[in-house]
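Source file: entry_26.csv; contents: CSV, C-alpha atoms and all ligand atoms.
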chain,number,residue,atom,x,y,z
C,283,THR,CA,33.0,51.6,78.4
C,284,GLN,CA,31.1,48.3,79.1
C,285,TYR,CA,33.1,45.2,78.1
C,286,GLU,CA,32.0,41.6,77.9
C,287,TYR,CA,35.4,39.8,78.1
C,288,ILE,CA,37.6,42.1,80.2
C,289,LEU,CA,37.4,44.1,83.4
C,290,THR,CA,39.1,47.5,83.8
C,291,SER,CA,39.9,49.3,87.0
C,292,ALA,CA,42.3,51.8,88.6
C,293,PRO,CA,43.7,50.1,91.7
C,294,GLU,CA,46.1,53.0,92.3
C,295,PRO,CA,46.3,56.5,90.9
C,296,GLY,CA,48.1,56.3,87.6
C,297,VAL,CA,47.6,52.6,87.1
C,298,GLN,CA,45.2,51.0,84.7
C,299,LEU,CA,44.5,47.3,85.5
C,300,ILE,CA,43.0,45.2,82.7
C,301,THR,CA,41.8,41.7,83.8
C,302,LEU,CA,41.0,39.1,81.1
C,303,ASN,CA,37.6,37.8,82.1
C,304,ARG,CA,36.4,34.8,80.1
C,305,PRO,CA,36.6,32.2,82.9
C,306,LYS,CA,34.6,29.5,81.1
C,307,ALA,CA,37.3,29.2,78.4
C,308,LEU,CA,40.3,29.8,80.6
C,309,ASN,CA,40.6,33.3,79.0
C,310,ALA,CA,41.0,31.9,75.5
C,311,LEU,CA,41.6,34.9,73.3
C,312,CYS,CA,38.6,35.0,71.0
C,313,SER,CA,38.5,37.9,68.5
C,314,PRO,CA,36.0,40.0,70.4
C,315,LEU,CA,38.1,39.6,73.6
C,316,PHE,CA,41.2,40.8,71.7
C,317,ALA,CA,39.3,43.7,70.2
C,318,GLU,CA,38.2,44.8,73.7
C,319,LEU,CA,41.7,44.5,75.0
C,320,ASN,CA,43.0,46.7,72.2
C,321,THR,CA,40.2,49.3,72.8
C,322,ALA,CA,41.1,49.4,76.5
C,323,LEU,CA,44.8,49.6,75.9
C,324,GLU,CA,44.4,52.4,73.4
C,325,ALA,CA,42.1,54.3,75.8
C,326,ALA,CA,44.7,53.9,78.6
C,327,ASP,CA,47.5,55.0,76.3
C,328,LYS,CA,45.6,58.2,75.5
C,329,ASP,CA,44.5,58.9,79.1
C,330,ASP,CA,47.0,61.5,80.7
C,331,ALA,CA,46.0,60.1,84.1
C,332,VAL,CA,47.4,56.7,83.3
C,333,GLY,CA,51.2,56.1,83.7
C,334,ALA,CA,51.4,52.4,83.4
C,335,ILE,CA,49.1,49.4,82.5
C,336,VAL,CA,48.8,46.0,84.1
C,337,ILE,CA,47.3,43.0,82.2
C,338,THR,CA,46.3,39.9,84.2
C,339,GLY,CA,44.0,36.9,84.0
C,340,SER,CA,42.7,34.6,86.7
C,341,GLU,CA,44.4,32.4,89.2
C,342,LYS,CA,43.9,29.4,86.9
C,343,ALA,CA,44.8,31.0,83.6
C,344,PHE,CA,46.4,34.2,82.3
C,345,ALA,CA,45.2,33.0,78.9
C,346,ALA,CA,45.1,29.5,77.4
C,347,GLY,CA,45.8,30.7,73.9
C,348,ALA,CA,43.9,31.9,70.9
C,349,ASP,CA,40.3,30.4,70.7
C,350,ILE,CA,40.8,27.0,69.1
C,351,LYS,CA,37.0,26.6,68.6
C,352,GLU,CA,36.9,29.9,66.7
C,353,MET,CA,39.8,28.9,64.5
C,354,LYS,CA,39.2,25.3,63.8
C,355,ASP,CA,37.1,25.6,60.6
C,356,LYS,CA,38.9,28.5,59.1
C,357,GLN,CA,40.4,28.2,55.6
C,358,PHE,CA,43.7,29.6,54.4
C,359,SER,CA,41.7,32.1,52.2
C,360,ASP,CA,39.8,33.3,55.3
C,361,VAL,CA,42.8,33.9,57.5
C,362,TYR,CA,44.9,35.4,54.8
C,363,LYS,CA,42.3,37.7,53.3
C,364,ASN,CA,41.0,38.9,56.6
C,365,ARG,CA,44.4,39.3,58.2
C,366,PHE,CA,43.5,36.9,61.0
C,367,LEU,CA,45.1,38.0,64.3
C,368,GLU,CA,47.1,40.9,62.7
C,369,ASP,CA,45.5,43.2,65.3
C,370,TRP,CA,47.5,41.4,67.9
C,371,ALA,CA,50.4,43.6,66.9
C,372,ASN,CA,48.6,46.7,68.2
C,373,LEU,CA,49.8,45.9,71.7
C,374,SER,CA,53.4,46.5,70.6
C,375,LYS,CA,52.4,50.1,69.5
C,376,ILE,CA,51.2,51.1,73.0
C,377,ARG,CA,53.7,53.7,74.3
C,378,LYS,CA,53.0,53.4,78.0
C,379,PRO,CA,54.6,50.5,79.9
C,380,VAL,CA,52.5,47.3,80.0
C,381,ILE,CA,53.2,44.8,82.8
C,382,ALA,CA,51.9,41.2,82.5
C,383,ALA,CA,50.9,39.6,85.9
C,384,VAL,CA,50.8,35.9,85.1
C,385,SER,CA,49.2,33.2,87.2
C,386,GLY,CA,48.3,29.7,85.8
C,387,PHE,CA,48.3,28.9,82.1
C,388,ALA,CA,50.0,31.2,79.6
C,389,LEU,CA,49.8,29.1,76.5
C,390,GLY,CA,50.1,29.7,72.8
C,391,GLY,CA,48.7,33.2,72.2
C,392,GLY,CA,48.5,33.7,76.0
C,393,CYS,CA,52.3,33.2,76.2
C,394,GLU,CA,52.7,35.5,73.2
C,395,LEU,CA,50.5,38.1,74.8
C,396,ALA,CA,52.7,38.1,77.9
C,397,LEU,CA,55.8,38.3,75.6
C,398,MET,CA,54.4,41.4,74.0
C,399,CYS,CA,54.3,43.2,77.3
C,400,ASP,CA,57.3,45.1,78.7
C,401,ILE,CA,57.7,43.3,82.0
C,402,ILE,CA,56.4,39.9,83.0
C,403,LEU,CA,55.9,39.0,86.7
C,404,ALA,CA,55.0,35.4,87.4
C,405,SER,CA,53.2,33.7,90.2
C,406,PRO,CA,54.8,30.3,91.3
C,407,THR,CA,51.7,28.7,89.6
C,408,ALA,CA,52.5,30.2,86.2
C,409,LYS,CA,53.0,27.8,83.3
C,410,PHE,CA,54.3,29.0,79.9
C,411,GLY,CA,54.1,27.1,76.7
C,412,GLN,CA,53.7,27.1,73.0
C,413,PRO,CA,51.5,24.0,72.4
C,414,GLU,CA,50.5,25.0,68.8
C,415,ILE,CA,52.5,22.1,67.5
C,416,ASN,CA,50.0,19.7,69.1
C,417,LEU,CA,47.2,21.4,67.0
C,418,GLY,CA,49.1,21.0,63.7
C,419,VAL,CA,50.2,24.7,63.6
C,420,ILE,CA,52.9,26.9,64.9
C,421,PRO,CA,53.0,30.1,67.0
C,422,GLY,CA,51.5,33.0,65.1
C,423,GLY,CA,51.7,35.9,67.6
C,424,GLY,CA,55.4,36.4,67.7
C,425,GLY,CA,56.3,33.5,70.0
C,426,SER,CA,59.0,31.9,67.9
C,427,GLN,CA,60.8,35.2,67.3
C,428,ARG,CA,60.5,36.8,70.7
C,429,LEU,CA,61.4,33.6,72.6
C,430,ALA,CA,64.4,33.0,70.3
C,431,SER,CA,65.8,36.4,71.2
C,432,LEU,CA,64.9,36.1,74.9
C,433,ILE,CA,65.8,32.5,75.9
C,434,GLY,CA,67.9,31.3,73.0
C,435,LYS,CA,67.6,28.8,70.2
C,436,SER,CA,67.8,25.4,72.0
C,437,ARG,CA,65.2,26.3,74.6
C,438,THR,CA,62.9,27.9,72.0
C,439,MET,CA,63.1,24.9,69.8
C,440,GLU,CA,62.3,22.6,72.7
C,441,MET,CA,59.3,24.6,73.6
C,442,VAL,CA,58.0,25.1,70.1
C,443,LEU,CA,58.7,21.6,68.8
C,444,THR,CA,57.5,19.6,71.8
C,445,GLY,CA,54.8,22.0,73.2
C,446,ARG,CA,56.0,21.3,76.7
C,447,MET,CA,54.9,23.7,79.3
C,448,ILE,CA,57.7,25.3,81.5
C,449,SER,CA,57.3,26.2,85.1
C,450,ALA,CA,57.6,29.7,86.6
C,451,GLN,CA,61.0,28.7,88.0
C,452,GLU,CA,62.3,27.6,84.6
C,453,ALA,CA,60.9,30.8,83.1
C,454,GLU,CA,62.7,32.9,85.6
C,455,LYS,CA,66.0,31.0,85.2
C,456,TRP,CA,65.7,31.3,81.4
C,457,GLY,CA,65.0,35.1,81.5
C,458,LEU,CA,61.5,34.8,80.1
C,459,VAL,CA,60.1,36.6,83.2
C,460,SER,CA,61.8,39.2,85.4
C,461,ARG,CA,60.9,37.4,88.6
C,462,VAL,CA,58.6,35.0,90.4
C,463,VAL,CA,56.7,36.6,93.3
C,464,PRO,CA,55.9,34.8,96.5
C,465,GLU,CA,52.9,32.5,96.3
C,466,GLY,CA,49.5,33.6,97.4
C,467,GLU,CA,46.2,34.5,95.8
C,468,GLY,CA,46.4,37.9,94.1
C,469,GLU,CA,50.1,38.4,95.0
C,470,VAL,CA,51.3,38.7,91.5
C,471,VAL,CA,48.8,41.3,90.6
C,472,LYS,CA,49.6,43.2,93.8
C,473,GLU,CA,53.3,43.2,92.9
C,474,ALA,CA,52.6,44.2,89.3
C,475,VAL,CA,50.4,47.1,90.5
C,476,LYS,CA,53.3,48.2,92.9
C,477,VAL,CA,55.7,48.2,90.0
C,478,ALA,CA,53.2,50.1,87.8
C,479,THR,CA,52.7,52.7,90.6
C,480,GLU,CA,56.4,53.2,90.8
C,481,ILE,CA,56.6,53.8,87.1
C,482,ALA,CA,53.6,56.0,87.1
C,483,SER,CA,55.4,58.4,89.5
C,484,LYS,CA,58.0,59.2,86.9
C,485,SER,CA,57.9,61.6,84.0
C,486,GLN,CA,55.7,60.0,81.4
C,487,ILE,CA,57.8,61.4,78.6
C,488,ALA,CA,61.0,59.9,80.0
C,489,VAL,CA,59.2,56.6,80.6
C,490,GLN,CA,57.9,56.4,77.1
C,491,ALA,CA,61.3,57.4,75.7
C,492,ALA,CA,62.9,54.7,77.9
C,493,LYS,CA,60.5,52.0,76.6
C,494,GLU,CA,61.1,53.2,73.0
C,495,VAL,CA,64.9,52.9,73.2
C,496,VAL,CA,64.9,49.5,75.0
C,497,ASN,CA,62.6,48.1,72.4
C,498,ALA,CA,65.0,49.5,69.7
C,499,ALA,CA,67.6,47.0,71.0
C,500,TYR,CA,65.5,44.2,69.6
C,501,GLU,CA,65.2,45.8,66.2
C,502,LEU,CA,68.4,47.8,65.4
C,503,ASN,CA,72.0,46.8,65.3
C,504,LEU,CA,74.2,48.0,68.1
C,505,ALA,CA,75.6,51.1,66.3
C,506,GLU,CA,72.2,52.2,65.2
C,507,GLY,CA,70.7,51.5,68.6
C,508,LEU,CA,73.4,53.5,70.5
C,509,ARG,CA,72.9,56.4,68.1
C,510,PHE,CA,69.2,56.3,68.6
C,511,GLU,CA,69.5,56.1,72.4
C,512,ARG,CA,71.8,59.1,72.4
C,513,ARG,CA,69.5,61.2,70.2
C,514,ILE,CA,66.5,60.4,72.3
C,515,PHE,CA,68.5,61.3,75.4
C,516,HIS,CA,69.5,64.6,73.8
C,517,GLY,CA,65.9,65.3,73.0
C,518,LEU,CA,64.8,65.0,76.6
C,519,PHE,CA,66.7,68.2,77.3
C,520,ALA,CA,63.9,69.9,75.6
C,521,THR,CA,61.4,68.8,78.2
C,522,ASP,CA,60.2,70.6,81.4
C,523,ASP,CA,60.5,67.2,83.2
C,524,GLN,CA,64.3,67.1,82.6
C,525,LYS,CA,64.6,70.6,84.1
C,526,GLU,CA,62.4,69.7,87.1
C,527,GLY,CA,64.0,66.3,87.7
C,528,MET,CA,67.5,67.7,87.8
C,529,ALA,CA,66.6,70.8,89.7
C,530,ALA,CA,64.8,68.7,92.3
C,531,PHE,CA,67.9,66.5,92.8
C,532,ALA,CA,70.1,69.6,93.2
C,533,GLU,CA,67.6,71.1,95.7
C,534,LYS,CA,67.3,67.8,97.6
C,535,ARG,CA,63.6,67.6,97.1
C,536,LYS,CA,61.1,65.3,95.3
C,537,PRO,CA,60.5,66.1,91.6
C,538,ASN,CA,57.0,67.3,90.6
C,539,PHE,CA,56.8,66.0,87.0
C,540,THR,CA,54.2,67.7,84.8
C,541,HIS,CA,54.7,65.3,81.8
C,542,SER,CA,55.6,68.1,79.6
U,601,LIG,C1,39.1,27.5,73.2
U,601,LIG,C2,39.6,26.6,75.3
U,601,LIG,C3,41.0,26.9,75.1
U,601,LIG,C4,41.4,27.5,73.9
U,601,LIG,C5,40.7,26.0,77.0
U,601,LIG,N1,39.5,26.1,76.5
U,601,LIG,N2,41.6,26.5,76.2
U,601,LIG,N3,38.7,26.9,74.3
U,601,LIG,N4,40.4,27.8,73.0
U,601,LIG,N5,42.7,27.8,73.6
U,601,LIG,C6,38.2,25.7,77.1
U,601,LIG,C7,38.0,24.2,77.1
U,601,LIG,O1,37.6,23.8,75.8
U,601,LIG,C8,37.0,24.0,78.2
U,601,LIG,O2,35.7,24.3,77.6
U,601,LIG,C9,37.4,25.1,79.2
U,601,LIG,O3,38.2,26.0,78.5
U,601,LIG,C10,38.2,24.5,80.3
U,601,LIG,O4,39.3,23.9,79.8
U,601,LIG,P1,39.7,22.3,80.1
U,601,LIG,O5,40.6,21.8,79.0
U,601,LIG,O6,38.6,21.6,80.6
U,601,LIG,O7,40.7,22.6,81.4
U,601,LIG,P2,41.9,21.7,82.0
U,601,LIG,O8,41.5,20.3,81.9
U,601,LIG,O9,42.2,22.3,83.3
U,601,LIG,O10,43.1,22.0,80.9
U,601,LIG,C11,43.7,23.2,80.8
U,601,LIG,C12,44.6,23.3,79.5
U,601,LIG,C13,43.7,22.9,78.3
U,601,LIG,C14,45.8,22.4,79.7
U,601,LIG,C15,45.0,24.8,79.5
U,601,LIG,O11,42.5,23.6,78.3
U,601,LIG,C16,44.4,23.2,77.0
U,601,LIG,O12,45.3,22.4,76.6
U,601,LIG,N6,44.0,24.2,76.3
U,601,LIG,C17,44.5,24.5,75.0
U,601,LIG,C18,45.8,25.2,75.1
U,601,LIG,C19,46.4,25.5,73.7
U,601,LIG,O13,46.5,24.6,72.8
U,601,LIG,N7,46.6,26.8,73.4
U,601,LIG,C20,47.1,27.2,72.1
U,601,LIG,C21,46.0,27.6,71.2
U,601,LIG,S1,46.6,28.0,69.6
U,601,LIG,P3,34.4,23.4,77.9
U,601,LIG,O14,33.4,24.0,77.1
U,601,LIG,O15,34.8,22.0,77.5
U,601,LIG,O16,34.2,23.5,79.4
U,601,LIG,C22,47.2,29.6,69.7
U,601,LIG,C23,47.6,30.2,68.4
U,601,LIG,C24,48.3,31.5,68.7
U,601,LIG,O17,47.2,30.1,70.7
U,601,LIG,C25,48.2,32.4,67.5
U,601,LIG,C26,48.3,33.8,68.1
U,601,LIG,C27,48.3,34.9,67.1
As structure tokens, please, write out the structure in this file.
Ligand code: HXC
Amino acid sequence: TQYEYILTSAPEPGVQLITLNRPKALNALCSPLFAELNTALEAADKDDAVGAIVITGSEKAFAAGADIKEMKDKQFSDVYKNRFLEDWANLSKIRKPVIAAVSGFALGGGCELALMCDIILASPTAKFGQPEINLGVIPGGGGSQRLASLIGKSRTMEMVLTGRMISAQEAEKWGLVSRVVPEGEGEVVKEAVKVATEIASKSQIAVQAAKEVVNAAYELNLAEGLRFERRIFHGLFATDDQKEGMAAFAEKRKPNFTHS
């Protein structure tokens, strides 16, 4: 597929890399960009050869938010009737792991895009923020809800009410990202591809089940979540990959997963 606003590649077997590529606007997430991103994600999700997905931007910007120039003249009736930005939620329906490799600005919808991914790795240059308050609006892509459960109320309130950008180091300390990689051009993408390659070597069924149960922790109460986890765990005993994984351990060899 030819895309205008994104680039796709397979830097390692099993890994789909999606690079947001709208440099003139710091990867502002205009509707056609987001539609392309969704198309690429859905294609990767369906492709048996893909085990994990990495989303990145440029050195200067992961994404500077939704496209303000596209939004500025919209009326309530437009955004409500046309379900403006509702297709953003598609990302959370992707079953394969999605890793965000963030350098530079991850603001507004860009921060929210990273928060919808399963793992966030940050370059020391990364800056996260929800500056919507400066535009007379609020986060609309899940930022208020996801930040509150990840970094707590006081930090979320500070970010959302002041619009202040936080550094990669703060983001790491607050648990917004899993880690900050050493500095250097392209380092964060390299590291994300490494993590994705590792994940792609596992049973895809087990990986998808693992993602599903971890995500359930953010939706269910503890008793329901524990029951859900155990049932999914039981279910994996119906797969060839469980037989192969455990046999390989007992025979002291590497497993050869068939994703079945
Ligand atoms: C449209 C944008 C943009 C955006 C940058 N640009 N961010 N265009 N929407 N979100 C454009 C600029 O207009 C400019 O275009 C070019 O990109 C380069 O940006 P500069 O501002 O010149 O760069 P710099 O001085 O380095 O400042 C970088 C910046 C600043 C601090 C990131 O661009 C900025 O504040 N951007 C807006 C960030 C923001 O408010 N994001 C939240 C959006 S609301 P020209 O044509 O002048 O060269 C949102 C709602 C989420 O995300 C809802 C989700 C469902």
List all protein, DNA and RNA residues that have at least one atom no more than 6 Å from any atom of ligand LIG 601 (chain U), counting only C-alpha atoms and all ligand atoms, and write them as an mmCIF file with C-alpha atoms, in the frame of the given file.
data_model
loop_
_atom_site.group_PDB
_atom_site.id
_atom_site.type_symbol
_atom_site.label_atom_id
_atom_site.label_comp_id
_atom_site.auth_asym_id
_atom_site.auth_seq_id
_atom_site.Cartn_x
_atom_site.Cartn_y
_atom_site.Cartn_z
ATOM 1 C CA LYS C 306 34.600 29.500 81.100
ATOM 2 C CA ALA C 307 37.300 29.200 78.400
ATOM 3 C CA LEU C 308 40.300 29.800 80.600
ATOM 4 C CA ALA C 310 41.000 31.900 75.500
ATOM 5 C CA ALA C 346 45.100 29.500 77.400
ATOM 6 C CA GLY C 347 45.800 30.700 73.900
ATOM 7 C CA ALA C 348 43.900 31.900 70.900
ATOM 8 C CA ASP C 349 40.300 30.400 70.700
ATOM 9 C CA ILE C 350 40.800 27.000 69.100
ATOM 10 C CA LYS C 351 37.000 26.600 68.600
ATOM 11 C CA LEU C 367 45.100 38.000 64.300
ATOM 12 C CA PHE C 387 48.300 28.900 82.100
ATOM 13 C CA LEU C 389 49.800 29.100 76.500
ATOM 14 C CA GLY C 390 50.100 29.700 72.800
ATOM 15 C CA GLY C 391 48.700 33.200 72.200
ATOM 16 C CA PRO C 413 51.500 24.000 72.400
ATOM 17 C CA GLU C 414 50.500 25.000 68.800
ATOM 18 C CA PRO C 421 53.000 30.100 67.000
ATOM 19 C CA GLY C 422 51.500 33.000 65.100
ATOM 20 C CA GLY C 423 51.700 35.900 67.600
#
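Restricting the calculation to only C-alpha atoms, the smallest distance between Cys399 (chain C) and any of C:Ala292, C:Ala453, C:Met353, C:Ile335 is found for C:Ile335.
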If you take all atoms listed in the file and a cut-off of 7 Å, which residues of region 393-497 of chain C touch region 508-528 of chain C, and what are their nearest atom pairs and distances in Å to one decimal, in chain and number order, as a Markdown table?
| residue | atom | partner | partner_atom | distance |
| --- | --- | --- | --- | --- |
| C:Ser485 | CA | C:Asp523 | CA | 6.2 |
| C:Ala491 | CA | C:Ile514 | CA | 6.9 |
| C:Val495 | CA | C:Glu511 | CA | 5.7 |
Close residues, Pro293 (chain C) itself excluded, 8 Å, all atoms listed in the file, min 5 positions apart in chain, as a list in words: Gln298, Leu299 and Val475 of chain C
Nearby residues, (56.6, 22.3, 70.7) file frame, 12 Å, only C-alpha atoms, as a PyMOL selection string: chain C and resi 389-390+410-421+425-426+436-448
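Atom to atom, CA of Glu324 (chain C) and CA of Gly339 (chain C) stand 18.8 Å apart.
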Point (48.9, 58.7, 84.4) neighbourhood (10 Å, all atoms listed in the file) written as a PDB file with C-alpha atoms, in the coordinates of the input:
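What ended up in point.pdb:
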ATOM      1  CA  PRO C 295      46.300  56.500  90.900  1.00  0.00           C
ATOM      2  CA  GLY C 296      48.100  56.300  87.600  1.00  0.00           C
ATOM      3  CA  VAL C 297      47.600  52.600  87.100  1.00  0.00           C
ATOM      4  CA  GLN C 298      45.200  51.000  84.700  1.00  0.00           C
ATOM      5  CA  ALA C 326      44.700  53.900  78.600  1.00  0.00           C
ATOM      6  CA  ASP C 327      47.500  55.000  76.300  1.00  0.00           C
ATOM      7  CA  LYS C 328      45.600  58.200  75.500  1.00  0.00           C
ATOM      8  CA  ASP C 329      44.500  58.900  79.100  1.00  0.00           C
ATOM      9  CA  ASP C 330      47.000  61.500  80.700  1.00  0.00           C
ATOM     10  CA  ALA C 331      46.000  60.100  84.100  1.00  0.00           C
ATOM     11  CA  VAL C 332      47.400  56.700  83.300  1.00  0.00           C
ATOM     12  CA  GLY C 333      51.200  56.100  83.700  1.00  0.00           C
ATOM     13  CA  ALA C 334      51.400  52.400  83.400  1.00  0.00           C
ATOM     14  CA  ILE C 335      49.100  49.400  82.500  1.00  0.00           C
ATOM     15  CA  LYS C 378      53.000  53.400  78.000  1.00  0.00           C
ATOM     16  CA  THR C 479      52.700  52.700  90.600  1.00  0.00           C
ATOM     17  CA  ILE C 481      56.600  53.800  87.100  1.00  0.00           C
ATOM     18  CA  ALA C 482      53.600  56.000  87.100  1.00  0.00           C
ATOM     19  CA  SER C 483      55.400  58.400  89.500  1.00  0.00           C
ATOM     20  CA  LYS C 484      58.000  59.200  86.900  1.00  0.00           C
ATOM     21  CA  SER C 485      57.900  61.600  84.000  1.00  0.00           C
ATOM     22  CA  GLN C 486      55.700  60.000  81.400  1.00  0.00           C
ATOM     23  CA  HIS C 541      54.700  65.300  81.800  1.00  0.00           C
TER      24      HIS C 541
END
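With distances restricted to all atoms listed in the file, C:Ala404 is the closest residue to Val470 (chain C) from C:Leu302, C:Ile433, C:Ala322, C:Ala404.
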Polymer residues at most 6 Å from Leu403 (chain C), all atoms listed in the file, same-chain spacing of 5 or more positions, as a VMD selection string: chain C and resid 383 459 461
Atomic distance CA of Ala529 (chain C) - CA of Val489 (chain C), expressed in Å with one decimal: 18.4 Å
Selected residue, from C:Glu294, C:Ser460, C:Glu506, C:Val336, that lies nearest to Pro379 (chain C) when counting all atoms listed in the file: C:Val336
